[in-house]
$ cat model-v6.tsv   # TSV, C-alpha atoms
chain	number	residue	atom	x	y	z
H	101	MET	CA	1.73	-17.55	25.14
H	102	PHE	CA	0.90	-14.91	22.56
H	103	ARG	CA	1.64	-11.28	23.26
H	104	GLN	CA	-1.11	-8.71	22.80
H	105	PRO	CA	-1.33	-7.23	19.28
H	106	GLU	CA	0.22	-3.82	18.78
H	107	ARG	CA	-1.89	-0.73	18.38
H	108	VAL	CA	-0.86	1.24	15.32
H	109	THR	CA	-1.88	4.86	15.04
H	110	PRO	CA	-1.29	6.93	11.90
H	111	ASP	CA	0.18	10.39	12.16
H	112	GLN	CA	-2.59	12.42	13.82
H	113	ASN	CA	-0.97	15.72	12.84
H	114	ARG	CA	-1.28	15.01	9.14
H	115	ARG	CA	-4.44	15.99	7.31
H	116	PRO	CA	-5.35	12.96	5.15
H	117	ASP	CA	-7.12	15.07	2.57
H	118	SER	CA	-4.30	17.61	2.19
H	119	GLN	CA	-2.72	18.38	-1.17
H	120	SER	CA	0.65	17.03	-0.04
H	121	GLY	CA	-0.99	13.71	0.89
H	122	ALA	CA	-2.64	13.53	-2.51
H	123	ARG	CA	0.70	14.10	-4.22
H	124	ARG	CA	2.38	11.36	-2.17
H	125	GLN	CA	-0.46	8.95	-2.86
H	126	ALA	CA	-0.54	9.72	-6.60
H	127	ARG	CA	2.62	7.78	-7.33
H	128	PHE	CA	0.96	4.61	-5.98
H	129	ARG	CA	-2.20	4.95	-8.09
H	130	PRO	CA	-2.53	3.17	-11.41
H	131	ARG	CA	-3.81	5.46	-14.16
H	132	LEU	CA	-7.20	3.82	-13.93
H	133	PHE	CA	-7.68	5.16	-10.41
H	134	LEU	CA	-6.62	8.68	-11.37
H	135	ARG	CA	-9.67	8.80	-13.64
H	136	MET	CA	-11.97	7.79	-10.77
H	137	GLN	CA	-12.28	10.59	-8.26
H	138	PRO	CA	-15.71	10.09	-6.71
H	139	GLY	CA	-17.54	13.03	-5.20
H	140	ALA	CA	-19.04	13.02	-1.78
H	141	GLY	CA	-22.35	14.81	-2.35
H	142	LYS	CA	-25.42	14.27	-0.24
H	143	SER	CA	-28.07	15.11	-2.79
H	144	ALA	CA	-29.77	11.73	-3.28
H	145	GLY	CA	-32.28	10.16	-0.96
H	146	LYS	CA	-33.19	13.35	0.92
H	147	ASP	CA	-36.56	14.22	-0.60
H	148	GLU	CA	-39.06	12.32	1.54
H	149	GLY	CA	-42.16	14.19	0.29
H	150	GLY	CA	-45.56	12.82	-0.68
H	151	ARG	CA	-46.11	9.24	-1.77
H	152	MET	CA	-46.02	10.02	-5.52
H	153	GLY	CA	-44.65	13.59	-5.55
H	154	TRP	CA	-41.02	12.60	-5.93
H	155	PHE	CA	-41.82	9.93	-8.49
H	156	ASN	CA	-44.01	12.19	-10.65
H	157	LYS	CA	-41.50	15.02	-10.44
H	158	LEU	CA	-38.75	12.69	-11.62
H	159	PHE	CA	-40.84	11.53	-14.57
H	160	GLN	CA	-41.73	15.09	-15.58
H	161	GLY	CA	-38.20	16.42	-15.33
H	162	ALA	CA	-36.36	13.54	-17.01
H	163	PRO	CA	-35.71	13.43	-20.75
H	164	SER	CA	-36.56	10.35	-22.77
H	165	ALA	CA	-34.19	7.51	-22.01
H	166	PRO	CA	-31.55	6.77	-24.64
H	167	SER	CA	-32.05	3.45	-26.36
H	168	ASN	CA	-29.03	1.93	-24.61
H	169	LYS	CA	-30.30	2.84	-21.12
H	170	ARG	CA	-32.65	0.61	-19.15
H	171	GLY	CA	-35.72	2.39	-17.82
H	172	ILE	CA	-38.37	2.06	-15.17
H	173	GLU	CA	-40.40	-0.36	-17.28
H	174	GLU	CA	-37.47	-2.78	-17.47
H	175	LEU	CA	-36.89	-2.46	-13.73
H	176	ALA	CA	-40.55	-3.21	-13.00
H	177	ARG	CA	-40.47	-6.17	-15.41
H	178	ARG	CA	-37.44	-7.70	-13.70
H	179	MET	CA	-39.00	-7.21	-10.29
H	180	GLU	CA	-42.35	-8.54	-11.56
H	181	MET	CA	-44.15	-5.44	-10.31
H	182	ASP	CA	-46.42	-2.77	-11.76
H	183	VAL	CA	-44.63	0.51	-12.56
H	184	ALA	CA	-47.14	2.61	-10.60
H	185	ALA	CA	-47.03	0.27	-7.59
H	186	LEU	CA	-43.23	0.36	-7.59
H	187	GLY	CA	-43.17	4.15	-7.68
H	188	ALA	CA	-45.80	4.43	-4.95
H	189	ILE	CA	-43.64	2.75	-2.29
H	190	GLU	CA	-42.92	5.24	0.47
H	191	PRO	CA	-39.56	4.62	2.20
H	192	ARG	CA	-40.28	4.35	5.94
H	193	TYR	CA	-37.92	3.08	8.63
H	194	TYR	CA	-38.05	2.58	12.37
H	195	GLU	CA	-35.15	2.45	14.82
H	196	GLN	CA	-34.20	-0.73	16.61
H	197	SER	CA	-31.39	-1.40	19.08
H	198	ILE	CA	-29.69	-4.80	19.34
H	199	PRO	CA	-26.77	-5.95	21.55
H	200	LYS	CA	-23.29	-6.23	20.07
H	201	ARG	CA	-21.21	-9.36	20.69
H	202	SER	CA	-18.39	-7.11	21.89
H	203	GLY	CA	-20.69	-5.24	24.27
H	204	GLY	CA	-22.80	-2.14	23.91
H	205	ARG	CA	-25.72	-1.64	21.53
H	206	ARG	CA	-26.03	-1.41	17.74
H	207	GLN	CA	-28.59	0.97	16.28
H	208	LEU	CA	-30.47	-0.32	13.24
H	209	LEU	CA	-32.81	1.37	10.77
H	210	VAL	CA	-35.32	-1.35	9.91
H	211	PRO	CA	-37.51	-0.78	6.83
H	212	ALA	CA	-41.29	-1.03	7.03
H	213	ASP	CA	-42.69	-4.37	5.84
H	214	ASP	CA	-43.80	-3.18	2.38
H	215	LEU	CA	-40.44	-1.50	1.73
H	216	LYS	CA	-38.52	-4.51	3.05
H	217	ALA	CA	-40.41	-6.82	0.66
H	218	VAL	CA	-39.55	-4.57	-2.30
H	219	GLN	CA	-35.90	-4.34	-1.20
H	220	ARG	CA	-35.64	-8.12	-1.00
H	221	THR	CA	-37.10	-8.45	-4.50
H	222	LEU	CA	-34.70	-5.80	-5.81
H	223	LEU	CA	-31.79	-7.63	-4.19
H	224	ARG	CA	-32.82	-11.01	-5.59
H	225	LYS	CA	-33.80	-9.92	-9.10
H	226	VAL	CA	-31.37	-7.07	-9.83
H	227	LEU	CA	-28.63	-6.24	-7.31
H	228	GLY	CA	-27.63	-9.78	-6.40
H	229	ARG	CA	-26.47	-10.43	-9.97
H	230	LEU	CA	-23.97	-7.57	-9.97
H	231	PRO	CA	-20.29	-8.31	-9.24
H	232	ALA	CA	-18.27	-7.47	-6.15
H	233	HIS	CA	-14.48	-7.47	-6.03
H	234	GLU	CA	-12.75	-10.80	-5.41
H	235	ALA	CA	-11.24	-9.48	-2.17
H	236	VAL	CA	-14.72	-9.09	-0.63
H	237	HIS	CA	-16.01	-11.98	1.49
H	238	GLY	CA	-18.95	-10.56	3.41
H	239	PHE	CA	-22.59	-11.23	2.48
H	240	ARG	CA	-21.90	-13.27	-0.64
H	241	LYS	CA	-22.67	-16.84	-1.58
H	242	GLY	CA	-19.79	-19.26	-1.14
H	243	ARG	CA	-17.86	-16.91	1.14
H	244	SER	CA	-17.65	-16.66	4.93
H	245	ILE	CA	-15.53	-15.36	7.78
H	246	VAL	CA	-13.34	-18.43	7.18
H	247	THR	CA	-12.66	-17.64	3.51
H	248	ASN	CA	-11.88	-14.09	4.62
H	249	ALA	CA	-9.35	-15.37	7.17
H	250	ARG	CA	-7.78	-18.18	5.13
H	251	PRO	CA	-5.58	-16.03	2.78
H	252	HIS	CA	-3.81	-14.60	5.85
H	253	MET	CA	-2.71	-17.94	7.36
H	254	GLY	CA	0.88	-18.08	8.56
H	255	ARG	CA	1.88	-14.62	7.34
H	256	ALA	CA	4.60	-12.55	9.01
H	257	ALA	CA	2.20	-9.83	10.15
H	258	VAL	CA	-1.52	-9.12	10.05
H	259	LEU	CA	-2.90	-5.57	10.05
H	260	ARG	CA	-6.61	-5.07	10.78
H	261	MET	CA	-8.37	-1.79	10.06
H	262	ASP	CA	-11.98	-0.73	10.33
H	263	ILE	CA	-14.05	1.75	8.31
H	264	GLN	CA	-15.92	4.15	10.57
H	265	ASP	CA	-19.75	4.20	10.19
H	266	PHE	CA	-19.49	2.12	7.02
H	267	PHE	CA	-23.13	1.87	5.93
H	268	PRO	CA	-24.33	5.43	6.67
H	269	SER	CA	-21.07	6.77	5.18
H	270	THR	CA	-21.76	4.99	1.87
H	271	ASP	CA	-23.13	8.11	0.24
H	272	ALA	CA	-26.54	8.09	-1.48
H	273	ASP	CA	-25.14	10.13	-4.36
H	274	ARG	CA	-22.51	7.44	-4.99
H	275	VAL	CA	-25.28	4.82	-5.03
H	276	LEU	CA	-27.24	6.90	-7.55
H	277	ARG	CA	-24.20	7.39	-9.79
H	278	TYR	CA	-23.40	3.68	-9.59
H	279	PHE	CA	-26.84	2.79	-10.98
H	280	GLN	CA	-26.40	5.35	-13.74
H	281	ALA	CA	-22.95	3.98	-14.58
H	282	ILE	CA	-24.34	0.48	-15.14
H	283	ASP	CA	-26.79	1.82	-17.74
H	284	TRP	CA	-29.99	2.53	-15.85
H	285	ASP	CA	-31.66	5.75	-16.94
H	286	PRO	CA	-32.17	8.71	-14.53
H	287	VAL	CA	-35.69	7.63	-13.55
H	288	ALA	CA	-34.81	4.02	-12.76
H	289	SER	CA	-31.54	5.03	-11.06
H	290	GLY	CA	-33.29	7.62	-8.94
H	291	LEU	CA	-36.02	5.21	-7.91
H	292	MET	CA	-33.57	2.47	-6.92
H	293	ALA	CA	-31.49	4.96	-4.93
H	294	ARG	CA	-34.63	6.21	-3.18
H	295	LEU	CA	-35.69	2.66	-2.27
H	296	THR	CA	-32.29	1.68	-0.87
H	297	THR	CA	-30.89	4.81	0.85
H	298	HIS	CA	-32.03	6.86	3.82
H	299	LYS	CA	-30.82	10.20	5.20
H	300	GLY	CA	-28.01	10.34	2.63
H	301	GLY	CA	-26.54	6.87	3.15
H	302	LEU	CA	-27.22	3.14	3.36
H	303	PRO	CA	-29.50	2.24	6.28
H	304	GLN	CA	-27.96	-0.41	8.52
H	305	GLY	CA	-30.84	-2.86	8.80
H	306	ALA	CA	-32.10	-2.86	5.22
H	307	PRO	CA	-31.60	-6.19	3.35
H	308	THR	CA	-30.10	-4.34	0.36
H	309	SER	CA	-27.41	-2.42	2.28
H	310	PRO	CA	-24.72	-5.12	2.76
H	311	TRP	CA	-24.58	-6.14	-0.90
H	312	LEU	CA	-24.92	-2.57	-2.17
H	313	ALA	CA	-21.95	-1.60	0.00
H	314	ASN	CA	-19.99	-4.37	-1.75
H	315	ILE	CA	-20.87	-3.60	-5.36
H	316	VAL	CA	-20.76	0.21	-5.07
H	317	ASN	CA	-17.24	-0.10	-3.63
H	318	TYR	CA	-15.84	-2.32	-6.39
H	319	GLN	CA	-13.39	0.38	-7.51
H	320	MET	CA	-12.38	1.16	-3.92
H	321	ASP	CA	-11.62	-2.52	-3.28
H	322	GLN	CA	-9.66	-2.65	-6.53
H	323	ARG	CA	-7.60	0.31	-5.39
H	324	LEU	CA	-7.00	-1.19	-1.92
H	325	ALA	CA	-5.95	-4.49	-3.50
H	326	SER	CA	-3.46	-2.56	-5.68
H	327	ILE	CA	-2.08	-0.81	-2.60
H	328	ALA	CA	-1.61	-4.21	-0.96
H	329	LYS	CA	0.20	-5.56	-4.02
H	330	LEU	CA	2.48	-2.53	-4.06
H	331	PHE	CA	3.63	-3.34	-0.50
H	332	ASP	CA	3.85	-7.12	-1.00
H	333	ALA	CA	0.70	-7.68	1.06
H	334	LEU	CA	-2.65	-9.46	0.71
H	335	TYR	CA	-5.99	-7.69	1.13
H	336	THR	CA	-9.48	-8.91	2.07
H	337	ARG	CA	-12.59	-7.11	3.32
H	338	TYR	CA	-15.56	-8.38	5.30
H	339	ALA	CA	-18.12	-5.53	5.56
H	340	ASP	CA	-16.26	-2.69	7.31
H	341	ASP	CA	-13.39	-4.93	8.46
H	342	MET	CA	-10.27	-4.66	6.25
H	343	THR	CA	-7.32	-7.04	6.65
H	344	PHE	CA	-3.82	-6.71	5.17
H	345	SER	CA	-1.20	-9.40	5.76
H	346	PHE	CA	2.49	-9.18	4.91
H	347	THR	CA	5.24	-11.52	3.74
H	348	ASP	CA	7.90	-9.66	5.75
H	349	GLY	CA	5.98	-7.12	7.80
H	350	LEU	CA	8.60	-4.38	7.69
H	351	ARG	CA	7.63	-1.24	9.56
H	352	ALA	CA	7.96	0.88	6.42
H	353	GLU	CA	5.59	-1.43	4.52
H	354	ILE	CA	2.99	-1.35	7.29
H	355	ALA	CA	3.19	2.43	7.67
H	356	GLY	CA	2.90	2.84	3.91
H	357	VAL	CA	-0.23	0.70	3.74
H	358	ILE	CA	-1.90	2.60	6.60
H	359	GLN	CA	-1.19	5.96	4.99
H	360	CYS	CA	-2.30	4.90	1.51
H	361	VAL	CA	-5.47	3.25	2.81
H	362	GLN	CA	-6.34	6.35	4.80
H	363	ASP	CA	-5.93	8.50	1.68
H	364	ALA	CA	-7.96	6.11	-0.45
H	365	LEU	CA	-10.87	5.94	2.00
H	366	VAL	CA	-11.12	9.73	2.08
H	367	ASP	CA	-11.55	9.75	-1.71
H	368	TYR	CA	-14.60	7.50	-1.32
H	369	GLY	CA	-16.16	9.42	1.54
H	370	TYR	CA	-14.99	7.16	4.39
H	371	LYS	CA	-12.85	7.57	7.50
H	372	LEU	CA	-10.50	5.07	9.08
H	373	HIS	CA	-11.04	4.08	12.71
H	374	THR	CA	-7.75	5.14	14.31
H	375	LYS	CA	-8.42	4.38	17.98
H	376	LYS	CA	-9.58	0.95	19.11
H	377	LYS	CA	-9.96	-0.78	15.76
H	378	LEU	CA	-6.51	-0.54	14.20
H	379	ARG	CA	-4.39	-3.52	15.23
H	380	LEU	CA	-1.13	-5.09	14.15
H	381	ALA	CA	-0.10	-8.63	15.17
H	382	ARG	CA	3.06	-10.56	14.28
H	383	ARG	CA	3.93	-14.28	14.25
H	384	HIS	CA	4.88	-14.38	17.94
H	385	GLN	CA	1.49	-12.85	18.81
H	386	ARG	CA	-2.01	-14.18	18.29
H	387	MET	CA	-3.11	-13.11	14.80
H	388	VAL	CA	-6.90	-12.87	14.52
H	389	VAL	CA	-8.93	-12.22	11.35
H	390	THR	CA	-12.73	-11.93	11.55
H	391	GLY	CA	-12.66	-13.65	14.93
H	392	LEU	CA	-10.50	-16.61	13.85
H	393	VAL	CA	-6.87	-17.36	14.71
H	394	VAL	CA	-4.63	-17.63	11.61
H	395	ASN	CA	-1.13	-18.24	13.03
H	396	GLU	CA	-1.15	-21.87	11.84
H	397	GLY	CA	-4.23	-22.78	9.86
H	398	VAL	CA	-7.62	-21.29	10.70
H	399	ARG	CA	-9.28	-22.14	14.00
H	400	LEU	CA	-11.51	-20.82	16.75
H	401	PRO	CA	-9.81	-18.83	19.52
H	402	ARG	CA	-8.59	-20.89	22.49
H	403	GLU	CA	-11.15	-19.40	24.89
H	404	THR	CA	-14.02	-20.41	22.59
H	405	ARG	CA	-12.70	-23.96	22.29
H	406	ARG	CA	-12.40	-24.18	26.08
H	407	LYS	CA	-16.01	-23.05	26.51
H	408	LEU	CA	-17.11	-25.68	23.98
H	409	ARG	CA	-15.28	-28.46	25.84
H	410	ALA	CA	-16.73	-27.34	29.18
H	411	ALA	CA	-20.25	-27.13	27.78
H	412	ARG	CA	-19.97	-30.62	26.23
H	413	HIS	CA	-18.76	-32.03	29.55
H	414	HIS	CA	-21.53	-30.36	31.55
H	415	VAL	CA	-24.25	-31.54	29.16
H	416	ALA	CA	-22.84	-35.10	29.13
H	417	THR	CA	-22.67	-35.30	32.93
H	418	GLY	CA	-25.94	-33.49	33.62
H	419	LYS	CA	-24.28	-30.54	35.34
H	420	PRO	CA	-25.61	-26.96	34.96
H	421	ALA	CA	-24.13	-25.31	31.86
H	422	THR	CA	-23.90	-21.71	30.73
H	423	TRP	CA	-25.18	-22.80	27.29
H	424	THR	CA	-28.42	-24.60	26.57
H	425	GLU	CA	-28.31	-27.80	24.53
H	426	ALA	CA	-29.60	-25.88	21.52
H	427	GLN	CA	-26.86	-23.24	21.90
H	428	LEU	CA	-24.25	-25.97	22.19
H	429	LYS	CA	-25.47	-27.57	18.96
H	430	GLY	CA	-25.27	-24.18	17.27
H	431	TRP	CA	-21.67	-23.68	18.40
H	432	GLU	CA	-20.75	-27.23	17.36
H	433	ALA	CA	-22.21	-26.60	13.91
H	434	PHE	CA	-20.21	-23.38	13.71
H	435	GLU	CA	-17.04	-25.22	14.76
H	436	SER	CA	-17.66	-27.86	12.07
H	437	MET	CA	-18.18	-25.12	9.48
H	438	VAL	CA	-14.92	-23.45	10.45
H	439	MET	CA	-13.01	-26.74	10.23
H	440	ALA	CA	-14.55	-27.62	6.84
H	441	TRP	CA	-13.93	-24.21	5.31
H	442	ALA	CA	-10.41	-24.09	6.77
H	443	ASP	CA	-9.61	-27.34	4.99
H	444	GLY	CA	-10.90	-25.86	1.73
H	445	GLU	CA	-13.97	-28.08	1.48
$ encode --input "model-v6.tsv" --output "structure tokens"
Amino acid sequence: MFRQPERVTPDQNRRPDSQSGARRQARFRPRLFLRMQPGAGKSAGKDEGGRMGWFNKLFQGAPSAPSNKRGIEELARRMEMDVAALGAIEPRYYEQSIPKRSGGRRQLLVPADDLKAVQRTLLRKVLGRLPAHEAVHGFRKGRSIVTNARPHMGRAAVLRMDIQDFFPSTDADRVLRYFQAIDWDPVASGLMARLTTHKGGLPQGAPTSPWLANIVNYQMDQRLASIAKLFDALYTRYADDMTFSFTDGLRAEIAGVIQCVQDALVDYGYKLHTKKKLRLARRHQRMVVTGLVVNEGVRLPRETRRKLRAARHHVATGKPATWTEAQLKGWEAFESMVMAWADGE
């Protein structure tokens, strides 16, 4: 019988963005990271004026693009759209509430149909070709919750941490500066930021938000992976869910990772969930990563496997079941996927 995972709470009396914290963290940062101190402005994505007012203003105020910068014409060509039509898209969203698997409701910002179509094209033609860090497993081809869990199999301890309000906290100004850093000119960068951000962050519900949150945070994931290496740990991330697993799991190592991660997230405009979503589990406890048990191999939790067996029995004997036949097939397909991925197929 596994014991319940421990709750680990960082020092609440310490200010994570204090100067003393920065000095302590500095000795863990490679020089590369010391040159990357992102701001946390909220300037991009806030002007929701007339249909073409923002676009025209941007054109009038921007200097000619340098020859090595890609402009709006190149963006329109890649998206197979007319420049004027691309600039005329007005970002509009509506709120939608959906149930969470863990209970409660999740609030989404769903883009209007014309904006959603443009976002999907932008994702397919432009954003989807940009790299995310190797530690990232969410929303990318060839990766899954199983590949996210598999590196942590059989480790001495597993630490799970969660980024608070991940998508809306991914700042629009960081998105804008990311586009500029990969050689899009101010006009193209501004337009892409306007089409993909809302109220100063990434809207949870837009098709572009999950992958943008991956690629914009490449340097953050690189820094978190370096922190893990420093403490003899492994790091993976699936959306807002970060996992660190340890060879030995010494208390000093775990405390060091929590403190360094908290400091790093602040530098990128994020906060660590320090109440319900910070968990530590050791070998004698059930270690769960993205909903899968990783003590020995990767498998579904025992309660899920019991429900599957009961549903199969009820369907086979004609008894009333809590799942429909279609739901059972879906869960069986999921179980097969977990087993295949766990075996490295």
$ residues_around --input "model-v6.tsv" --residues "H:Gln196" --least-positions-apart "3" --cutoff "7 Å" --atoms "all atoms listed in the file" --output "number ranges by chain"
H: 207-210
$ atom_distance --input "model-v6.tsv" --atom1 "atom CA of H:Val398" --atom2 "atom CA of H:Phe346"
16.8 Å
$ closest_residue --input "model-v6.tsv" --among "H:Thr390, H:Gln427, H:Thr270, H:Gln385" --to "H:Leu312" --atoms "all atoms listed in the file"
H:Thr270
$ closest_residue --input "model-v6.tsv" --among "H:Arg409, H:Lys329, H:Lys375, H:Arg337" --to "H:Asn317" --atoms "all atoms listed in the file"
H:Arg337
$ atom_distance --input "model-v6.tsv" --atom1 "atom CA of H:Ser289" --atom2 "atom CA of H:Ala339"
23.8 Å
$ closest_residue --input "model-v6.tsv" --among "H:Arg224, H:Arg323, H:Arg383, H:Lys377" --to "H:Leu365" --atoms "all atoms listed in the file"
H:Arg323
$ atom_distance --input "model-v6.tsv" --atom1 "atom CA of H:Val287" --atom2 "atom CA of H:Gly171"
6.8 Å
$ closest_residue --input "model-v6.tsv" --among "H:Val388, H:Val226, H:Ala232, H:Ile263" --to "H:Asp340" --atoms "only C-alpha atoms"
H:Ile263
$ axis_aligned_box --input "model-v6.tsv" --around "stretch 321-339 of chain H" --padding-each-side "5 Å" --output "JSON"
{"center_x": -7.1, "center_y": -4.6, "center_z": -0.5, "size_x": 32.0, "size_y": 19.8, "size_z": 22.1}
$ closest_residue --input "model-v6.tsv" --among "H:Tyr335, H:Phe279, H:Trp284, H:Phe344" --to "H:Ile315" --atoms "all atoms listed in the file"
H:Phe279
$ closest_residue --input "model-v6.tsv" --among "H:Ala293, H:Ile327, H:Thr336, H:Ala381" --to "H:Cys360" --atoms "all atoms listed in the file"
H:Ile327
$ residues_near_point --input "model-v6.tsv" --point "(-22.9, -4.6, -9.9)" --cutoff "8 Å" --atoms "all atoms listed in the file" --output "list in words"
Leu227, Gly228, Arg229, Leu230, Pro231, Ala232, Ile282, Ile315 and Val316 of chain H
$ decode --input "model-v6.tsv" --residues "stretch 364-385 of chain H" --atoms "C-alpha atoms" --output "CSV table (one decimal), in the first residue's frame"
chain,number,residue,atom,x,y,z
H,364,ALA,CA,13.6,31.2,-12.3
H,365,LEU,CA,9.8,31.4,-12.9
H,366,VAL,CA,9.7,34.9,-11.4
H,367,ASP,CA,12.3,36.0,-14.0
H,368,TYR,CA,9.9,34.9,-16.8
H,369,GLY,CA,6.8,36.4,-15.3
H,370,TYR,CA,5.3,33.2,-13.7
H,371,LYS,CA,4.4,32.1,-10.2
H,372,LEU,CA,4.7,28.7,-8.7
H,373,HIS,CA,1.6,27.0,-7.2
H,374,THR,CA,2.6,26.5,-3.6
H,375,LYS,CA,-0.6,25.1,-2.1
H,376,LYS,CA,-2.3,22.1,-3.6
H,377,LYS,CA,-0.1,21.5,-6.7
H,378,LEU,CA,3.3,21.0,-5.2
H,379,ARG,CA,3.8,17.3,-4.4
H,380,LEU,CA,6.8,15.0,-3.5
H,381,ALA,CA,6.6,11.2,-3.6
H,382,ARG,CA,9.3,8.7,-2.8
H,383,ARG,CA,9.7,5.0,-3.8
H,384,HIS,CA,7.6,3.7,-1.0
H,385,GLN,CA,4.7,5.9,-2.1
